[in-house]
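Note: the block below is my_file-v2.txt and it holds compact mmCIF, C-alpha atoms.
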# COMPACT_ATOMS: atom_id res chain seq x y z
CA ILE A 46 0.00 0.00 0.00
CA GLY A 47 1.10 3.59 -0.57
CA PRO A 48 2.31 6.00 2.14
CA MET A 49 -1.00 7.90 2.33
CA THR A 50 -3.08 4.71 2.60
CA ARG A 51 -0.74 3.37 5.27
CA ALA A 52 -1.01 6.61 7.27
CA ILE A 53 -4.81 6.53 7.13
CA PHE A 54 -4.89 2.89 8.23
CA LEU A 55 -2.54 3.49 11.15
CA ALA A 56 -4.50 6.56 12.24
CA ALA A 57 -7.73 4.57 12.25
CA VAL A 58 -6.13 1.77 14.29
CA ALA A 59 -4.59 4.22 16.76
CA SER A 60 -7.90 6.00 17.29
CA MET A 61 -9.45 2.72 18.43
CA PHE A 62 -7.16 2.69 21.46
CA ILE A 63 -7.62 6.28 22.62
CA VAL A 64 -9.28 6.25 26.01
CA LEU A 65 -11.69 9.13 26.45
CA GLN A 66 -12.60 10.66 29.78
CA PRO A 67 -16.37 10.88 30.30
CA THR A 68 -17.67 14.44 30.34
CA THR A 69 -16.71 15.95 33.68
CA ARG A 70 -19.69 16.26 35.99
CA ALA A 71 -20.56 19.77 37.15
CA GLU A 72 -19.84 18.90 40.78
CA ASP A 73 -16.43 17.48 39.81
CA GLN A 74 -15.24 20.39 37.67
CA PRO A 75 -11.48 20.71 38.33
CA TYR A 76 -11.53 24.40 37.29
CA ARG A 77 -13.54 27.42 38.31
CA VAL A 78 -14.12 30.85 36.78
CA ILE A 79 -12.54 33.91 38.39
CA ASP A 80 -15.48 36.29 38.58
CA GLY A 81 -14.84 39.80 37.31
CA TRP A 82 -11.37 39.07 35.93
CA GLY A 83 -10.00 41.65 33.49
CA PRO A 84 -12.20 44.76 33.82
CA LEU A 85 -11.61 47.13 30.91
CA PRO A 86 -10.65 50.79 31.30
CA ALA A 87 -13.23 53.49 30.79
CA GLY A 88 -14.14 54.02 27.16
CA VAL A 89 -13.08 50.51 26.04
CA THR A 90 -15.70 47.84 25.41
CA TRP A 91 -15.37 44.25 24.30
CA GLY A 92 -16.05 43.11 20.78
CA GLU A 93 -15.97 39.46 19.76
CA VAL A 94 -12.80 37.79 21.09
CA PRO A 95 -11.73 35.09 18.59
CA ALA A 96 -8.17 34.61 19.82
CA MET A 97 -5.92 34.71 22.88
CA THR A 98 -2.19 34.33 23.41
CA ILE A 99 0.35 34.60 26.21
CA ASP A 100 4.02 35.60 26.22
CA LYS A 101 6.99 34.28 28.21
CA GLU A 102 6.45 36.91 30.90
CA GLY A 103 2.90 35.69 31.46
CA ARG A 104 1.23 38.69 29.85
CA VAL A 105 -2.12 37.75 28.36
CA LEU A 106 -3.17 39.25 25.03
CA ALA A 107 -6.67 39.32 23.56
CA PHE A 108 -7.36 40.22 19.93
CA HIS A 109 -10.93 41.45 19.59
CA ARG A 110 -13.29 43.06 17.11
CA ASN A 111 -13.45 46.50 18.60
CA GLU A 112 -10.84 49.25 18.83
CA PRO A 113 -8.28 49.29 20.28
CA ASN A 114 -7.99 45.74 18.89
CA VAL A 115 -5.28 44.35 21.20
CA ILE A 116 -5.68 44.35 24.96
CA GLU A 117 -2.83 43.18 27.20
CA PHE A 118 -3.32 42.02 30.80
CA ASP A 119 -1.21 40.73 33.62
CA ALA A 120 -2.25 37.53 35.36
CA SER A 121 -4.31 39.42 37.91
CA GLY A 122 -6.45 40.95 35.16
CA LYS A 123 -4.95 44.42 35.23
CA VAL A 124 -4.91 46.03 31.79
CA LEU A 125 -1.30 46.91 30.90
CA LYS A 126 -1.75 48.30 27.42
CA THR A 127 -4.28 48.69 24.61
CA TRP A 128 -3.30 49.25 20.99
CA GLY A 129 -4.16 48.48 17.38
CA ALA A 130 -6.67 49.90 14.92
CA GLY A 131 -7.75 49.55 11.32
CA PHE A 132 -8.21 45.77 11.20
CA VAL A 133 -11.18 44.68 9.12
CA TYR A 134 -11.87 41.39 10.90
CA PRO A 135 -9.45 40.54 13.71
CA HIS A 136 -8.98 36.80 13.99
CA GLY A 137 -5.72 35.10 15.07
CA ILE A 138 -3.02 36.18 17.53
CA ARG A 139 0.12 34.26 18.54
CA VAL A 140 3.43 34.95 20.23
CA ASP A 141 6.30 32.91 18.76
CA ARG A 142 9.30 31.47 20.62
CA ASN A 143 11.31 34.64 19.92
CA GLY A 144 8.65 36.91 21.37
CA PHE A 145 7.29 38.26 18.10
CA LEU A 146 3.57 38.77 17.76
CA TRP A 147 1.53 37.49 14.78
CA LEU A 148 -1.95 38.79 13.94
CA THR A 149 -4.32 37.79 11.15
CA ASP A 150 -6.98 39.94 9.51
CA ALA A 151 -9.50 37.53 8.00
CA ARG A 152 -11.60 39.73 5.70
CA GLY A 153 -10.98 42.35 3.04
CA GLN A 154 -12.65 45.70 2.71
CA ASP A 155 -11.77 49.13 1.30
CA GLY A 156 -8.25 48.06 0.33
CA LYS A 157 -7.47 46.55 3.74
CA GLY A 158 -7.48 43.11 5.31
CA GLN A 159 -6.75 39.53 4.15
CA GLN A 160 -3.29 39.86 5.63
CA ILE A 161 -0.95 38.50 8.29
CA PHE A 162 1.21 40.84 10.37
CA LYS A 163 4.36 40.33 12.44
CA TYR A 164 5.02 42.80 15.27
CA THR A 165 7.50 43.31 18.03
CA ARG A 166 6.05 43.10 21.52
CA GLU A 167 6.21 46.90 21.54
CA GLY A 168 3.83 46.99 18.58
CA LYS A 169 6.31 47.83 15.82
CA LEU A 170 5.32 46.28 12.48
CA LEU A 171 8.09 44.07 11.06
CA MET A 172 6.46 42.06 8.27
CA THR A 173 3.23 41.98 6.26
CA ILE A 174 2.12 38.87 4.37
CA GLY A 175 -0.68 38.98 1.83
CA THR A 176 -2.06 41.59 -0.53
CA ALA A 177 -4.13 44.27 1.19
CA GLY A 178 -7.83 44.00 0.47
CA LYS A 179 -7.43 41.33 -2.23
CA SER A 180 -9.08 37.93 -1.83
CA GLY A 181 -7.90 34.81 -3.62
CA GLU A 182 -5.82 31.66 -3.45
CA GLU A 183 -2.34 32.55 -4.62
CA PRO A 184 1.10 32.54 -2.95
CA ASP A 185 0.60 36.11 -1.69
CA VAL A 186 -3.19 36.34 -1.78
CA PHE A 187 -5.33 34.91 1.02
CA ASN A 188 -9.02 34.54 1.74
CA GLY A 189 -9.84 34.26 5.41
CA PRO A 190 -6.46 33.69 7.14
CA THR A 191 -7.29 32.42 10.61
CA ASP A 192 -4.10 31.55 12.52
CA VAL A 193 -0.29 31.35 12.45
CA ALA A 194 2.25 28.85 13.81
CA VAL A 195 6.01 29.40 13.61
CA ALA A 196 8.31 26.36 13.47
CA PRO A 197 11.57 26.16 15.46
CA ASN A 198 13.56 27.00 12.29
CA GLY A 199 11.41 30.08 11.68
CA ASP A 200 9.22 28.71 8.88
CA ILE A 201 5.76 30.29 8.97
CA PHE A 202 2.57 28.25 8.69
CA ILE A 203 -0.75 29.99 8.05
CA SER A 204 -4.21 28.44 8.16
CA ASP A 205 -6.02 30.15 5.30
CA GLY A 206 -9.38 28.85 6.22
CA HIS A 207 -12.47 31.00 6.62
CA VAL A 208 -13.03 30.91 2.87
CA ASN A 209 -10.03 29.05 1.44
CA SER A 210 -9.24 25.54 2.68
CA ARG A 211 -5.47 25.29 2.82
CA ILE A 212 -2.33 25.56 4.92
CA VAL A 213 0.38 27.87 3.54
CA LYS A 214 4.05 27.41 4.39
CA LEU A 215 6.54 30.26 4.03
CA SER A 216 10.19 30.76 4.93
CA LYS A 217 11.12 32.88 7.93
CA ASP A 218 11.48 35.90 5.64
CA GLY A 219 8.00 35.41 4.22
CA LYS A 220 8.81 33.69 0.92
CA PHE A 221 6.25 31.18 -0.30
CA ILE A 222 7.36 27.53 -0.04
CA LYS A 223 4.20 25.49 -0.57
CA ALA A 224 0.53 25.11 0.23
CA TRP A 225 -1.63 22.06 0.76
CA GLY A 226 -5.31 21.28 1.18
CA LYS A 227 -8.61 21.83 -0.55
CA LYS A 228 -12.26 21.87 0.47
CA GLY A 229 -13.36 18.39 1.51
CA SER A 230 -13.45 15.85 4.29
CA GLY A 231 -10.69 13.43 3.30
CA PRO A 232 -7.19 13.29 4.80
CA GLY A 233 -5.42 16.58 4.05
CA GLU A 234 -8.66 18.28 3.03
CA PHE A 235 -10.32 20.97 5.13
CA ASN A 236 -13.57 22.64 6.04
CA VAL A 237 -12.56 25.79 7.94
CA PRO A 238 -9.04 25.10 9.20
CA HIS A 239 -9.43 27.48 12.11
CA SER A 240 -6.51 27.02 14.53
CA ILE A 241 -2.98 25.61 14.24
CA PHE A 242 -0.25 24.79 16.76
CA PHE A 243 3.00 22.80 16.95
CA ASP A 244 3.50 20.05 19.50
CA SER A 245 6.86 19.22 21.08
CA ARG A 246 7.71 16.84 18.24
CA GLY A 247 7.24 19.52 15.61
CA ARG A 248 3.99 18.08 14.32
CA LEU A 249 1.42 20.60 13.14
CA LEU A 250 -2.04 20.19 14.67
CA VAL A 251 -4.82 21.77 12.63
CA GLY A 252 -8.26 22.42 14.11
CA ASP A 253 -10.39 21.44 11.11
CA ARG A 254 -13.50 22.96 12.62
CA GLY A 255 -16.10 22.23 9.93
CA ASN A 256 -15.01 18.60 9.75
CA HIS A 257 -15.17 18.17 13.55
CA ARG A 258 -11.60 16.94 13.89
CA ILE A 259 -7.96 17.78 14.51
CA GLN A 260 -5.69 16.76 11.65
CA ILE A 261 -1.98 16.23 12.30
CA PHE A 262 0.75 16.78 9.71
CA ASP A 263 4.50 16.84 9.43
CA GLN A 264 6.07 20.11 8.32
CA ASP A 265 6.01 19.05 4.66
CA GLY A 266 2.24 18.70 4.77
CA ASN A 267 2.12 14.91 4.97
CA PHE A 268 -0.97 13.63 6.79
CA LEU A 269 -0.12 11.62 9.93
CA GLU A 270 -3.39 11.06 11.79
CA GLN A 271 -6.64 12.66 12.92
CA TRP A 272 -8.64 12.94 16.14
CA THR A 273 -12.40 13.35 16.20
CA GLN A 274 -13.03 13.47 19.95
CA PHE A 275 -12.66 17.26 20.38
CA GLY A 276 -15.92 18.39 18.80
CA SER A 277 -15.45 21.21 16.31
CA PRO A 278 -12.10 22.71 17.37
CA SER A 279 -12.12 26.50 17.26
CA GLY A 280 -8.98 27.14 19.31
CA ILE A 281 -5.90 25.07 20.16
CA PHE A 282 -3.10 25.66 22.65
CA ILE A 283 -0.34 23.18 23.49
CA ALA A 284 1.82 23.62 26.61
CA PRO A 285 5.55 22.70 26.56
CA ASP A 286 4.74 19.37 28.24
CA ASP A 287 2.26 18.59 25.44
CA THR A 288 -0.84 19.23 27.52
CA LEU A 289 -3.45 19.99 24.88
CA TYR A 290 -6.21 22.56 25.32
CA VAL A 291 -9.03 22.69 22.77
CA VAL A 292 -12.13 24.90 22.80
CA ASP A 293 -15.36 24.14 20.96
CA TYR A 294 -18.50 26.24 21.26
CA ASN A 295 -20.26 24.82 18.17
CA ASP A 296 -20.59 21.12 18.82
CA LYS A 297 -19.87 19.78 22.30
CA LYS A 298 -19.59 23.27 23.86
CA ARG A 299 -16.59 22.29 25.95
CA VAL A 300 -13.09 23.30 26.95
CA PHE A 301 -11.05 20.12 26.60
CA VAL A 302 -7.83 19.40 28.52
CA GLY A 303 -5.90 16.42 27.22
CA SER A 304 -2.67 15.26 25.63
CA ALA A 305 -1.10 16.15 22.29
CA LYS A 306 0.91 12.94 22.53
CA ASP A 307 -2.00 10.57 22.01
CA GLY A 308 -5.20 12.62 21.83
CA SER A 309 -6.52 11.40 25.15
CA ILE A 310 -8.85 13.67 27.12
CA LYS A 311 -8.33 14.30 30.83
CA TYR A 312 -11.10 16.82 31.38
CA ALA A 313 -14.06 18.02 29.33
CA LEU A 314 -15.00 21.26 31.05
CA HIS A 315 -18.52 22.58 30.64
CA ASP A 316 -20.70 25.30 32.14
CA LEU A 317 -17.65 27.59 32.31
CA ALA A 318 -17.47 29.32 28.93
CA LEU A 319 -18.50 29.22 25.27
CA ALA A 320 -15.04 29.94 23.96
CA GLU A 321 -13.26 30.35 20.63
CA GLY A 322 -9.78 31.53 21.64
CA VAL A 323 -7.59 29.91 24.29
CA ALA A 324 -4.21 30.48 25.97
CA VAL A 325 -2.70 28.92 29.09
CA ASP A 326 -0.09 30.26 31.53
CA LYS A 327 2.71 28.40 33.32
CA GLN A 328 0.47 27.79 36.32
CA GLY A 329 -2.08 26.01 34.14
CA SER A 330 -4.68 28.76 34.32
CA ILE A 331 -6.78 28.90 31.14
CA TYR A 332 -7.76 32.15 29.44
CA VAL A 333 -10.63 31.91 26.96
CA GLY A 334 -12.06 34.45 24.54
CA GLU A 335 -15.75 34.40 23.74
CA THR A 336 -17.41 35.48 20.49
CA VAL A 337 -20.96 34.15 20.58
CA PRO A 338 -23.39 35.27 23.27
CA GLY A 339 -25.35 32.45 24.86
CA LYS A 340 -25.90 30.43 27.99
CA THR A 341 -24.18 27.39 29.41
CA ASP A 342 -26.06 24.35 30.69
CA THR A 343 -26.40 25.95 34.11
CA GLY A 344 -27.60 29.26 32.71
CA MET A 345 -24.39 31.28 33.02
CA VAL A 346 -24.57 34.07 30.46
CA THR A 347 -21.63 34.23 28.08
CA GLY A 348 -20.78 36.79 25.44
CA HIS A 349 -18.04 39.09 24.22
CA MET A 350 -15.36 38.92 26.89
CA VAL A 351 -12.38 37.04 28.30
CA ARG A 352 -12.63 34.59 31.20
CA LYS A 353 -9.92 33.12 33.40
CA LEU A 354 -10.33 29.52 34.56
CA VAL A 355 -8.15 28.34 37.44
CA LYS A 356 -7.63 24.93 39.01
CA ASN A 357 -9.59 24.18 42.15

Kindly return the structure encoded in the file as structure tokens.
Amino acid sequence: IGPMTRAIFLAAVASMFIVLQPTTRAEDQPYRVIDGWGPLPAGVTWGEVPAMTIDKEGRVLAFHRNEPNVIEFDASGKVLKTWGAGFVYPHGIRVDRNGFLWLTDARGQDGKGQQIFKYTREGKLLMTIGTAGKSGEEPDVFNGPTDVAVAPNGDIFISDGHVNSRIVKLSKDGKFIKAWGKKGSGPGEFNVPHSIFFDSRGRLLVGDRGNHRIQIFDQDGNFLEQWTQFGSPSGIFIAPDDTLYVVDYNDKKRVFVGSAKDGSIKYALHDLALAEGVAVDKQGSIYVGETVPGKTDTGMVTGHMVRKLVKN
């Protein structure tokens, strides 16, 4: 059999042995919400919060759909800085291993948007990827870029997924290397690749939200395996020890805590948030960004905001 067929077969076999944790009962929730965390300064109001990230100093950053677009907090919830304007549709935010900040603008309008930006932590623009305001599927033209992951060697991986259905790989200086994927449900095909993250082995995990799965690839785009136990993954964060955090507000409406090594689930947190973005600090506290107003099973009202979940 060929390499792709072998990979699919092995992934199917492996998935049979993944042991899933039953949904955590409300009375056994290992996390709790910190009420009132992160009050905003006067004159600033939350928009939808599709993405969160955290830097080495433990500063928490939220990218939201209101100006100023970036809000930075310390762990206590104190706002340290607000900045950013002019984004059409704020979507992804990541801090790479060198401390640089990556933001994606997932729509085009009036000659702006459909771009990926690299900043210093002081907010100085260093690199722009994509053609402003132009939508398409070309090496330097995107349509709905959702997230960014930077490999240890500096290669840049972009999930171009709210309209397109591909992963784009570029060199550290932004030169196009390759792209893979198309609309579909087979291995290496996508339906809204929404979030991407590297594990400790350098494998790229892609939250294929519309297909209700995480697909895993090597850095050349070769399909390795897939996991279907995380609902419709909207946000992914992987800690250095390969603890995997996945948020899903569409399907199972859970915050999952598990392992990027084997896809097992330790906790399936509910009644705490309807989240899309997620970041985790060194203490294991989870920060989630909400986009869709609603209610949890216990009636807690959720909406446009950030919540901090801490271990009991």

Among the residues A:Ile116, A:Leu215, A:Val325, A:Ala194, the one that comes closest to Gly168 in chain A [using only C-alpha atoms] |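 Ranked by minimum distance to Gly168 in chain A, first place goes to A:Ile116.
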
Determine, counting only C-alpha atoms, which protein, DNA and RNA residues have an atom within 7 Å of an atom of range 147-159 of chain A; residues of the same chain fewer than 4 positions away are not included. Present the result as JSON, numbers by chain.
-> {"A": [132, 133, 134, 135, 136, 137, 138, 139, 140, 163, 164, 175, 176, 177, 178, 179, 180, 187, 188, 189, 190, 191, 192, 193]}

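Coordinates place CA of Phe221 in chain A at a distance of 20.3 Å from CA of Phe268 in chain A.
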
Which one is closest to Asp293 in chain A: A:Gly233, A:Gly206, A:Pro95, A:Gly103? Count only C-alpha atoms.
-> A:Pro95

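Compared by their closest atoms to Leu85 in chain A, and using only C-alpha atoms, the residues A:Ile331, A:Glu321, A:Thr343, A:Val351 rank with A:Val351 nearest.
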
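Those DNA, RNA and protein residues that approach the point (-4.9, 12.9, 22.1) to within 10 Å, considering all atoms listed in the file, are Ser60, Ile63, Val64, Leu65, Ile259, Gln271, Trp272, Thr273, Gln274, Phe275, Asp287, Thr288, Leu289, Val302, Gly303, Ser304, Ala305, Lys306, Asp307, Gly308, Ser309, Ile310 and Lys311 of chain A.
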
What does the distance from CA of Asp253 in chain A to CA of Lys101 in chain A come to in Å, to one decimal?
->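 Interatomic distance, CA of Asp253 in chain A to CA of Lys101 in chain A: 27.6 Å.
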
Looking at all atoms listed in the file, which of A:Val89, A:Ala120, A:Ile79, A:Val251 is the one that sits closest to Asp263 in chain A?
->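 Going through A:Val89, A:Ala120, A:Ile79, A:Val251 one by one, the smallest distance to Asp263 in chain A is for A:Val251.
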
Point (-1.5, 28.4, 20.3), cut-off 8 Å, counting all atoms listed in the file, residues as an MDAnalysis selection string = chainID A and resid 98 139 194 240:243 280:283 323:324
